[in-house]
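Have a look at the structure below, then the notes.
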Amino acid sequence: MDSSLLRLVSSAFALLLSHFNLLFAGDSGDWPNWRGPHGNGVADSGQTLPTEWSETKNVKWKAPIPGRGHSTPIVIGDRIFLTTAREKEETQSALCYSFSSGELLWENVLVEDRLPERIHKKNTHASSSVATDGKRIFVLFFVKGDRLHLFSLDFDGNELWQIDAGRFYPEQSFGYGSSPLLVGNNVIVSAESEGEGFIAAFNADSGKEVWRTKRMAARSSFGTPVLADINGSSQVVLNGADRVAAYDPNSGTEIWSVEGGDPLIANTVLWKDGVVFASGGYPGIETWAIDVKSQKILWSSPAKCYEQSMLIVGDQLYGVAEGGLVYCWDTDDGTIHWRERLTKGPESASPILAGGYIYHANERGKIFVIKPNTEKLELVAENQLGEEIFATPVICRNRILIRSAKYDDDGESRSETLYSIGL
């Protein structure tokens with residue numbers, strides 16, 4: 001077989017594998033990466049979940065989390081994976097808990113004495129969620145010297161390999177927050193920053209670089225790429241640098257790019273029927289829809305979901321904008337069905353759709369349960385858990401996993417807890 005035909009066969013097989021990953025992930029009952037099994041914040045169907053809970057009500061277990069982090073729980077089988085950082089000890093770690101009991105199974109300190117000197121006060125040194133292929137986890141840390149270090153661990157916490165994935169320059173020392181994306185046998189990392197911005201793929205078995213594509217950016221950005229099935233094609237889509245762009249997951253070749261939005265983004269896009277929905281960022285205020293086939297903006301709306309990714313429920317697009325203002329748009333034309341405000345509070349976590357309800361947490365530890373409704377904001381319940389939530393809740397196997405924090409009476413000493421909520 002000549003080399004050109006071999007490359008064609010290899011590319012076709014890799015594309016088939018990525019399609020298989022999209023289909024299989026939603027049937028596993030796991031939560032394998034940021035934004036869940038489908039990449040869109042929608043949990044597996046058929047779950048029975050509580051709408052009300054407290055520190056004592058409907059709590060299956062709770063477990064202390066050492067250090068500080070904003071990464072979401074990642075679930076495979078009976079294992080929950082998190083990252084954390086101990087600022088006083090200057091360490092960055094991967095953690096593993098039992099899904100059934102909450103027992104801390106292991107901790108692996110992966111980085112020592114390399115914490116960046118400064119990050120944004122609302123960021124942490126462990127904000128990136130891990131990704132998994134069901135047998136390994138892939139952990140990404142931003143370290144001193146403006147570098148991104150990518151690690152592969154087995155499920156017992158043993159390090160398989162580590163690499164320097166490249167440079168990320170955080171504007172005004174904001175730190176880093178994007179999560180790795182697993183596509184087939186490639187781990188994809190985005191580093192959108194001035195000068196040397198890129199999106200790159202690394203072989204999951206060895207860490208060897210597979211491809212690297214420049215992302216020309218005037219400012220640092222923090223969006224996480226997602227694998228989307230658009231018009232029958234598997235594409236890696238990323239918002240930032242004043243545009244939304246899609247890449248071939250096997251080669252890194254740009255498939256399409258549409259200008260719009262802002263340079264600084266901190267969320268993940270959505271897609272439906274050949275249309276990509278994006279929001280953000282800084283300094284502008286906009287939510288917009290892109291028709292991929294024509295590469296035209298279908299509609300835009302003067303609202304901003306900056307850190308919070310959005311949700312699609314049927315033919316409606318839901319987003320929680322700054323200050324707790326909830327929007328319900330029509331996906332076809334951007335008509336605002338309604339916009340109403342939740343109890344005002346800063347927003348960082350993204351909403352999740354599960355069991356017929358939207359679950360959304362704000363930074364003050366309040367979790368809202370909302371029933372999708374095109375007529376009005378139908379608030380079912382408000383639940384308080386701790387005093388601070390930045391990490392997006394995760395919902396799988398009839399459990400809601402919530403990473404929450406509270407402060408001692410002096411307001412200085414902070415502790416984190418992982419809760420498993422269920423009936």
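Ordering of the structure tokens sets the chain letters (A, B, ...); residue numbers start at 1 within each chain; ligands are numbered from 1 in the order shown.
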
Using DSSP on the backbone coordinates, identify the residues of region 6-169 of chain A assigned to strand (DSSP E); present them as an NGL selection string. :A and (59-65 or 74-76 or 79-86 or 91-98 or 104-112 or 131-132 or 136-143 or 147-154 or 159-167)

If we count only C-alpha atoms, what is near Phe151 (chain A) at a cut-off of 7 Å, once residues fewer than 6 positions away on the same chain are taken out, given as a ChimeraX atom specification? /A:138-140,161-163

File of the preceding selection, N, CA and C atoms, as a PDB file, in the first residue's frame:
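Output saved as result.pdb:
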ATOM      1  N   PHE A 138      -5.919  12.409  32.007  1.00  0.00           N
ATOM      2  CA  PHE A 138      -4.996  13.390  31.461  1.00  0.00           C
ATOM      3  C   PHE A 138      -5.207  14.698  32.214  1.00  0.00           C
ATOM      4  N   VAL A 139      -4.140  15.175  32.821  1.00  0.00           N
ATOM      5  CA  VAL A 139      -4.196  16.285  33.771  1.00  0.00           C
ATOM      6  C   VAL A 139      -3.345  17.426  33.236  1.00  0.00           C
ATOM      7  N   LEU A 140      -3.883  18.641  33.285  1.00  0.00           N
ATOM      8  CA  LEU A 140      -3.194  19.804  32.736  1.00  0.00           C
ATOM      9  C   LEU A 140      -3.015  20.861  33.825  1.00  0.00           C
ATOM     10  N   TRP A 161       3.352   9.376  31.757  1.00  0.00           N
ATOM     11  CA  TRP A 161       4.254  10.309  31.068  1.00  0.00           C
ATOM     12  C   TRP A 161       3.856  11.743  31.430  1.00  0.00           C
ATOM     13  N   GLN A 162       4.758  12.655  31.164  1.00  0.00           N
ATOM     14  CA  GLN A 162       4.474  14.077  31.297  1.00  0.00           C
ATOM     15  C   GLN A 162       5.243  14.822  30.228  1.00  0.00           C
ATOM     16  N   ILE A 163       4.659  15.929  29.750  1.00  0.00           N
ATOM     17  CA  ILE A 163       5.313  16.748  28.729  1.00  0.00           C
ATOM     18  C   ILE A 163       5.079  18.227  29.022  1.00  0.00           C
TER      19      ILE A 163
END

Using only C-alpha atoms, the shortest atom-to-atom distance to Ser179 (chain A) among A:Val143, A:Ser257, A:Glu194, A:Asn33 belongs to A:Asn33

With only C-alpha atoms as the basis for distance, which of A:Ser101, A:Asn123, A:Asn231, A:Thr84 is at the shortest distance from Ser415 (chain A)?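 Answer, going by the shortest atom-to-atom distance: A:Thr84.
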
Which residue, A:Ser193, A:Leu153, A:Cys396, A:Val109, has the smallest gap to Ile76 (chain A) when you use only C-alpha atoms? A:Cys396

May I have all residues of region 17-248 of chain A that DSSP, computed from the backbone, assigns to alpha helix (DSSP H), given as a PyMOL selection string? chain A and resi 17-25

Can you pull out the residues contacting region 238-246 of chain A? Cut-off 10 Å, using only C-alpha atoms, and skip same-chain residues under 6 positions away; I want them as JSON, numbers by chain. {"A": [190, 192, 193, 194, 197, 199, 215, 216, 217, 218, 219, 220, 221, 222, 223, 224, 225, 226, 227, 228, 230, 252, 253, 254, 255, 256, 257, 258, 259, 260, 261, 262, 263, 264, 265, 266, 267, 268, 269, 276, 277, 278, 279, 280, 281, 290, 292]}

Kindly give the distance, in Å, that separates CA of Leu105 (chain A) and CA of Asp133 (chain A), rounded to a single decimal.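 Interatomic distance, CA of Leu105 (chain A) to CA of Asp133 (chain A): 19.4 Å.
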
Which neighbours of His120 (chain A) fall inside 10 Å, counting only C-alpha atoms, when residues of the same chain fewer than 4 positions from it are skipped, and could you give them as a list in words? Thr124, His125, Pro170, Glu171, Gln172, Ser173, Phe174, Gly175 and Tyr176 of chain A

Selected residues written out, C-alpha atoms, as a compact mmCIF listing (two decimals), in the first residue's frame:
# COMPACT_ATOMS: atom_id res chain seq x y z
CA THR A 124 -7.04 28.73 41.18
CA HIS A 125 -3.93 26.73 40.33
CA PRO A 170 -1.87 34.99 30.89
CA GLU A 171 -2.81 38.60 30.43
CA GLN A 172 -2.49 40.50 33.72
CA SER A 173 -1.40 37.24 35.41
CA PHE A 174 -4.93 35.82 35.34
CA GLY A 175 -3.71 32.21 35.28
CA TYR A 176 -5.21 29.42 33.17

Show me, as a tab-separated table (two decimals) with N, CA and C atoms, in the first residue's frame, the residues that have an atom within 12 Å of region 365-369 of chain A when counting only C-alpha atoms, minus same-chain residues fewer than 4 positions from it.
chain	number	residue	atom	x	y	z
A	49	LEU	N	-33.56	12.21	40.39
A	49	LEU	CA	-32.71	13.14	41.15
A	49	LEU	C	-33.55	13.98	42.11
A	50	PRO	N	-32.95	14.39	43.20
A	50	PRO	CA	-33.65	15.31	44.09
A	50	PRO	C	-33.64	16.72	43.54
A	51	THR	N	-34.62	17.50	43.91
A	51	THR	CA	-34.62	18.93	43.61
A	51	THR	C	-34.32	19.76	44.85
A	52	GLU	N	-34.36	19.11	46.01
A	52	GLU	CA	-34.08	19.82	47.26
A	52	GLU	C	-33.06	19.03	48.08
A	53	TRP	N	-32.17	19.77	48.73
A	53	TRP	CA	-31.18	19.17	49.62
A	53	TRP	C	-30.60	20.24	50.52
A	54	SER	N	-29.82	19.81	51.48
A	54	SER	CA	-29.16	20.72	52.41
A	54	SER	C	-27.88	20.04	52.90
A	55	GLU	N	-27.30	20.56	53.95
A	55	GLU	CA	-26.09	19.93	54.51
A	55	GLU	C	-26.40	18.55	55.08
A	320	VAL	N	-27.14	31.74	31.49
A	320	VAL	CA	-27.16	32.56	32.70
A	320	VAL	C	-26.10	33.63	32.52
A	324	GLY	N	-26.73	36.80	37.33
A	324	GLY	CA	-27.84	35.89	37.53
A	324	GLY	C	-29.03	36.14	36.63
A	326	VAL	N	-31.16	35.23	33.69
A	326	VAL	CA	-31.36	34.04	32.87
A	326	VAL	C	-32.09	34.41	31.59
A	341	ARG	N	-34.35	37.40	36.43
A	341	ARG	CA	-33.17	37.34	37.30
A	341	ARG	C	-33.37	36.37	38.46
A	342	LEU	N	-32.34	35.56	38.69
A	342	LEU	CA	-32.28	34.74	39.90
A	342	LEU	C	-31.82	35.62	41.05
A	343	THR	N	-31.80	35.05	42.25
A	343	THR	CA	-31.21	35.76	43.37
A	343	THR	C	-29.83	36.23	42.97
A	344	LYS	N	-29.61	37.52	43.00
A	344	LYS	CA	-28.39	38.08	42.41
A	344	LYS	C	-27.15	37.55	43.10
A	345	GLY	N	-26.19	37.16	42.28
A	345	GLY	CA	-24.92	36.67	42.80
A	345	GLY	C	-23.95	36.49	41.66
A	346	PRO	N	-22.66	36.57	41.90
A	346	PRO	CA	-21.69	36.35	40.83
A	346	PRO	C	-21.85	34.95	40.24
A	347	GLU	N	-21.56	34.81	38.96
A	347	GLU	CA	-21.74	33.54	38.26
A	347	GLU	C	-20.41	33.06	37.70
A	348	SER	N	-20.11	31.78	37.89
A	348	SER	CA	-18.94	31.16	37.26
A	348	SER	C	-19.25	29.77	36.73
A	349	ALA	N	-20.03	28.98	37.48
A	349	ALA	CA	-20.34	27.62	37.07
A	349	ALA	C	-21.33	27.63	35.90
A	350	SER	N	-21.35	26.53	35.16
A	350	SER	CA	-22.25	26.39	34.01
A	350	SER	C	-23.47	25.55	34.38
A	351	PRO	N	-24.63	25.84	33.78
A	351	PRO	CA	-25.82	25.04	34.06
A	351	PRO	C	-25.73	23.65	33.45
A	352	ILE	N	-26.43	22.70	34.08
A	352	ILE	CA	-26.47	21.31	33.63
A	352	ILE	C	-27.93	20.89	33.48
A	353	LEU	N	-28.25	20.17	32.41
A	353	LEU	CA	-29.60	19.65	32.22
A	353	LEU	C	-29.62	18.18	32.61
A	354	ALA	N	-30.50	17.82	33.55
A	354	ALA	CA	-30.60	16.43	34.01
A	354	ALA	C	-31.98	16.18	34.58
A	355	GLY	N	-32.55	15.00	34.27
A	355	GLY	CA	-33.83	14.62	34.85
A	355	GLY	C	-34.95	15.59	34.56
A	356	GLY	N	-34.86	16.32	33.44
A	356	GLY	CA	-35.90	17.28	33.08
A	356	GLY	C	-35.76	18.63	33.73
A	357	TYR	N	-34.68	18.87	34.47
A	357	TYR	CA	-34.45	20.15	35.14
A	357	TYR	C	-33.08	20.72	34.77
A	358	ILE	N	-32.98	22.04	34.89
A	358	ILE	CA	-31.70	22.73	34.76
A	358	ILE	C	-31.18	23.01	36.16
A	359	TYR	N	-29.96	22.56	36.43
A	359	TYR	CA	-29.31	22.80	37.72
A	359	TYR	C	-28.21	23.83	37.51
A	360	HIS	N	-28.25	24.89	38.30
A	360	HIS	CA	-27.26	25.96	38.14
A	360	HIS	C	-26.80	26.48	39.50
A	361	ALA	N	-25.50	26.59	39.68
A	361	ALA	CA	-24.93	27.09	40.94
A	361	ALA	C	-24.28	28.45	40.72
A	377	LEU	N	-39.53	32.08	33.68
A	377	LEU	CA	-38.57	31.39	34.55
A	377	LEU	C	-39.36	30.61	35.58
A	378	GLU	N	-39.30	29.29	35.51
A	378	GLU	CA	-40.02	28.44	36.45
A	378	GLU	C	-39.02	27.86	37.45
A	379	LEU	N	-38.87	28.56	38.55
A	379	LEU	CA	-37.91	28.17	39.58
A	379	LEU	C	-38.55	27.14	40.51
A	380	VAL	N	-37.99	25.95	40.55
A	380	VAL	CA	-38.54	24.85	41.32
A	380	VAL	C	-38.02	24.86	42.75
A	381	ALA	N	-36.72	25.14	42.91
A	381	ALA	CA	-36.12	25.11	44.25
A	381	ALA	C	-34.83	25.92	44.26
A	382	GLU	N	-34.46	26.38	45.47
A	382	GLU	CA	-33.16	27.01	45.72
A	382	GLU	C	-32.53	26.25	46.88
A	383	ASN	N	-31.30	25.82	46.71
A	383	ASN	CA	-30.60	25.05	47.74
A	383	ASN	C	-29.26	25.70	48.05
A	384	GLN	N	-28.94	25.79	49.31
A	384	GLN	CA	-27.66	26.34	49.74
A	384	GLN	C	-26.75	25.22	50.18
A	385	LEU	N	-25.52	25.23	49.68
A	385	LEU	CA	-24.53	24.22	50.08
A	385	LEU	C	-23.18	24.90	50.22
A	386	GLY	N	-22.73	25.06	51.46
A	386	GLY	CA	-21.51	25.80	51.69
A	386	GLY	C	-21.71	27.28	51.42
A	387	GLU	N	-20.61	27.97	51.19
A	387	GLU	CA	-20.68	29.42	50.96
A	387	GLU	C	-20.14	29.83	49.61
A	388	GLU	N	-19.55	28.88	48.87
A	388	GLU	CA	-18.89	29.26	47.63
A	388	GLU	C	-18.87	28.07	46.67
A	389	ILE	N	-19.34	28.28	45.44
A	389	ILE	CA	-19.24	27.26	44.39
A	389	ILE	C	-18.76	27.91	43.11
A	390	PHE	N	-17.64	27.44	42.63
A	390	PHE	CA	-17.12	27.85	41.31
A	390	PHE	C	-17.17	26.69	40.32
A	391	ALA	N	-16.94	25.48	40.79
A	391	ALA	CA	-16.92	24.31	39.92
A	391	ALA	C	-18.35	23.94	39.51
A	392	THR	N	-18.53	23.61	38.25
A	392	THR	CA	-19.83	23.19	37.76
A	392	THR	C	-20.22	21.85	38.37
A	393	PRO	N	-21.43	21.71	38.91
A	393	PRO	CA	-21.88	20.40	39.40
A	393	PRO	C	-21.87	19.36	38.29
A	400	ILE	N	-25.79	13.88	42.20
A	400	ILE	CA	-25.31	15.22	41.88
A	400	ILE	C	-24.04	15.44	42.69
A	401	LEU	N	-22.93	15.63	42.03
A	401	LEU	CA	-21.64	15.87	42.71
A	401	LEU	C	-21.37	17.37	42.71
A	402	ILE	N	-21.16	17.91	43.89
A	402	ILE	CA	-20.99	19.35	44.04
A	402	ILE	C	-19.71	19.63	44.82
A	403	ARG	N	-18.84	20.44	44.25
A	403	ARG	CA	-17.61	20.89	44.91
A	403	ARG	C	-17.88	22.27	45.50
A	404	SER	N	-17.91	22.33	46.82
A	404	SER	CA	-18.28	23.55	47.52
A	404	SER	C	-17.21	23.93	48.53
A	405	ALA	N	-17.23	25.19	48.95
A	405	ALA	CA	-16.26	25.66	49.94
A	405	ALA	C	-16.95	26.52	50.99
A	406	LYS	N	-16.34	26.60	52.14
A	406	LYS	CA	-16.84	27.48	53.19
A	406	LYS	C	-15.66	28.09	53.92
A	407	TYR	N	-15.95	29.14	54.68
A	407	TYR	CA	-14.92	29.87	55.41
A	407	TYR	C	-15.19	29.78	56.90
A	416	GLU	N	-12.68	23.01	51.45
A	416	GLU	CA	-13.54	22.52	50.38
A	416	GLU	C	-14.11	21.15	50.73
A	417	THR	N	-15.30	20.89	50.21
A	417	THR	CA	-15.97	19.61	50.43
A	417	THR	C	-16.59	19.15	49.12
